[in-house]
Amino acid sequence: MSRQNDKAQIIDDAQELVRETQLRLDRARKLPDEARYRLQEELNALRQGMKREDLEYVEEVSETVRALAEEHLAGISVKPAWQEYVETVGLAILCALVLRAFFFEAFKIPSGSMEPTLLRGDHLFVNKIRYGIRVPFTTTFLMRFAEPQRGEVVVFRFPSEEAREHVRKRREEAAAKGEKAVECILNFDEKDFIKRIVGLPGDVVEGRGAQLLVNGEPVDRTPIRRGPAPDRSGRTAYYYLETLGEATHQIREDSPPGYDEGHDFGPITVEDGHFFAMGDNRDNSADSRCWGQVPMDNIKGRAMIIWLSLEDGQTGDPGIRWDRFGMAIE
């Protein structure tokens with residue numbers, strides 16, 4: 001009985017060796033012909049030995065096959081193709097999740113609040129490691145590298161609770177004065193916003209008409225052009241070149257120069273650990289002027305580059321804006 005078991009075990013081992021080695025040999029696309037022919041000959045000889053049930057011959061050829069496989073087929077997987085495919089896809093997904101959690105995240109511009117810098121339908125990459133490393137999918141920093149600076153365009157998780165409280169207090173203060181609070185169109189359920197940093201912690205931000213002031217100093221702005229608003233509303237848009245910190249960028253306003261009454265706000269002191277953010281489309285942006293300041297912990301990263309821009313038909317004919325590919329965000 002023991003001899004029969006030994007015989008069956010030798011045959012089973014040889015069959016498994018033939019199966020695995022043949023699979024590896026078939027996948028070895030770059031194997032020299034001489035080595036391929038030698039291995040194939042030994043595998044065929046092993047098959048013949050198993051048919052004859054010549055155990056001594058089977059064991060001898062098995063050793064030869066193992067030695068040749070170790071020499072020529074090292075590193076070639078014997079996993080089924082479907083398993084390799086699943087593992088490859090799984091690894092790709094894992095890499096994408098790691099990149100998204102720590103390094104980069106794609107973001108789509110859903111509105112015109114950042115025109116003319118960013119247009120509705122722009123797709124961009126956000127550098128999530130610019131300001132530090134976070135615990136994945138949380139607002140907790142493990143390590144900080146830098147702080148946002150004036151003029152930088154950032155993506156942040158909308159501080160819905162703080163915004164609700166800010167709006168509530170504004171309404172109460174306006175009611176106590178017998179005034180009507182200036183409301184802004186706002187969806188508290190929105191997840192991510194993109195705006196430009198205007199005020200840093202401790203800064204005093206103020207608006208006098210269309211003129212923005214930071215710490216009592218007017219922000220430099222130069223008129224550059226005017227033209228039809230891109231939303232096809234028939235309005236005329238007025239464009240200015242504005243400088244905040246080291247960033248020079250365009251902004252848009254809908255009010256003609258000298259007709260900007262009602263745009264005043266502040267002065268507002270930016271709280272510690274918070275930032276004052278505004279859209280570049282100053283007359284069409286729900287930002288810190290209406291819902292309050294942005295906590296540092298909510299800032300996901302800095303907007304870096306446009307990788308795709310699609311015209312959705314609201315401001316032009318549907319299609320791809322090829323001229324915006326690869327455009328750095330200033």
# chains A, B, ... in the order shown; residues from 1 in each chain; ligands from 1

$ residues_around --residues "Tyr131 of chain A" --least-positions-apart "4" --cutoff "8 Å" --atoms "only C-alpha atoms" --output "list in words"
Arg144, Phe145, Ala146, Glu147, Pro148 and Gly301 of chain A

$ write_last_selection --atoms "N, CA and C atoms" --output "CSV table (one decimal), in the first residue's frame"
chain,number,residue,atom,x,y,z
A,144,ARG,N,2.7,69.6,8.6
A,144,ARG,CA,2.5,70.8,7.7
A,144,ARG,C,3.8,71.2,7.2
A,145,PHE,N,3.7,71.6,5.9
A,145,PHE,CA,4.9,72.1,5.2
A,145,PHE,C,4.9,73.6,4.9
A,146,ALA,N,3.7,74.1,4.7
A,146,ALA,CA,3.6,75.6,4.4
A,146,ALA,C,2.1,76.0,4.7
A,147,GLU,N,2.0,77.3,4.6
A,147,GLU,CA,0.6,77.9,4.8
A,147,GLU,C,0.2,78.6,3.5
A,148,PRO,N,-1.1,78.6,3.2
A,148,PRO,CA,-1.5,79.3,2.0
A,148,PRO,C,-1.1,80.7,2.1
A,301,GLY,N,-5.9,71.6,-0.8
A,301,GLY,CA,-4.7,71.8,-1.5
A,301,GLY,C,-4.8,73.0,-2.5

$ residues_around --residues "segment 282-286 of chain A" --least-positions-apart "2" --cutoff "6 Å" --atoms "only C-alpha atoms" --output "MDAnalysis selection string"
chainID A and resid 113 253 279:280

$ atom_distance --atom1 "atom CA of Leu68 of chain A" --atom2 "atom CA of Asn44 of chain A"
13.9 Å

$ closest_residue --among "A:Glu71, A:Gly121, A:Glu271, A:Asp26" --to "Gly319 of chain A" --atoms "only C-alpha atoms"
A:Gly121

$ closest_residue --among "A:Gln293, A:Gln22, A:Gln149, A:Ser288" --to "Asp272 of chain A" --atoms "only C-alpha atoms"
A:Gln293

$ select_by_dssp --residues "segment 18-194 of chain A" --states "strand (DSSP E or B)" --output "ChimeraX atom specification"
/A:104-108,122-127,132-134,141-144,153-157,192-194

$ residues_around --residues "Gln250 of chain A" --least-positions-apart "2" --cutoff "8 Å" --atoms "only C-alpha atoms" --output "list in words"
Pro116, Thr117, Tyr239, Tyr240, Leu241, Glu242, Thr248, Arg252 and Asp280 of chain A

$ residues_around --residues "segment 156-164 of chain A" --least-positions-apart "4" --cutoff "6 Å" --atoms "only C-alpha atoms" --output "compact mmCIF listing (two decimals) with N, CA and C atoms, in the first residue's frame"
# COMPACT_ATOMS: atom_id res chain seq x y z
N PHE A 188 -25.73 74.95 1.33
CA PHE A 188 -24.92 74.50 2.44
C PHE A 188 -24.49 73.04 2.31
N LYS A 191 -20.00 70.25 -1.22
CA LYS A 191 -18.86 69.64 -0.55
C LYS A 191 -17.59 70.47 -0.68
N ASP A 192 -17.16 70.73 -1.93
CA ASP A 192 -15.88 71.39 -2.16
C ASP A 192 -16.07 72.72 -2.89
N PHE A 193 -15.30 73.72 -2.46
CA PHE A 193 -15.29 75.03 -3.09
C PHE A 193 -13.89 75.30 -3.61
N TRP A 291 -20.49 84.02 3.71
CA TRP A 291 -20.63 82.88 4.62
C TRP A 291 -19.47 82.71 5.61
N GLY A 292 -18.51 83.60 5.58
CA GLY A 292 -17.47 83.56 6.59
C GLY A 292 -16.13 83.04 6.10
N ASN A 298 -9.70 72.79 6.64
CA ASN A 298 -10.61 72.44 5.54
C ASN A 298 -9.95 72.56 4.17
N ILE A 299 -8.79 73.20 4.11
CA ILE A 299 -8.14 73.41 2.81
C ILE A 299 -7.49 72.12 2.34
N LYS A 300 -7.93 71.63 1.19
CA LYS A 300 -7.41 70.37 0.64
C LYS A 300 -6.07 70.54 -0.06

$ atom_distance --atom1 "atom CA of Met304 of chain A" --atom2 "atom CA of Glu330 of chain A"
8.1 Å
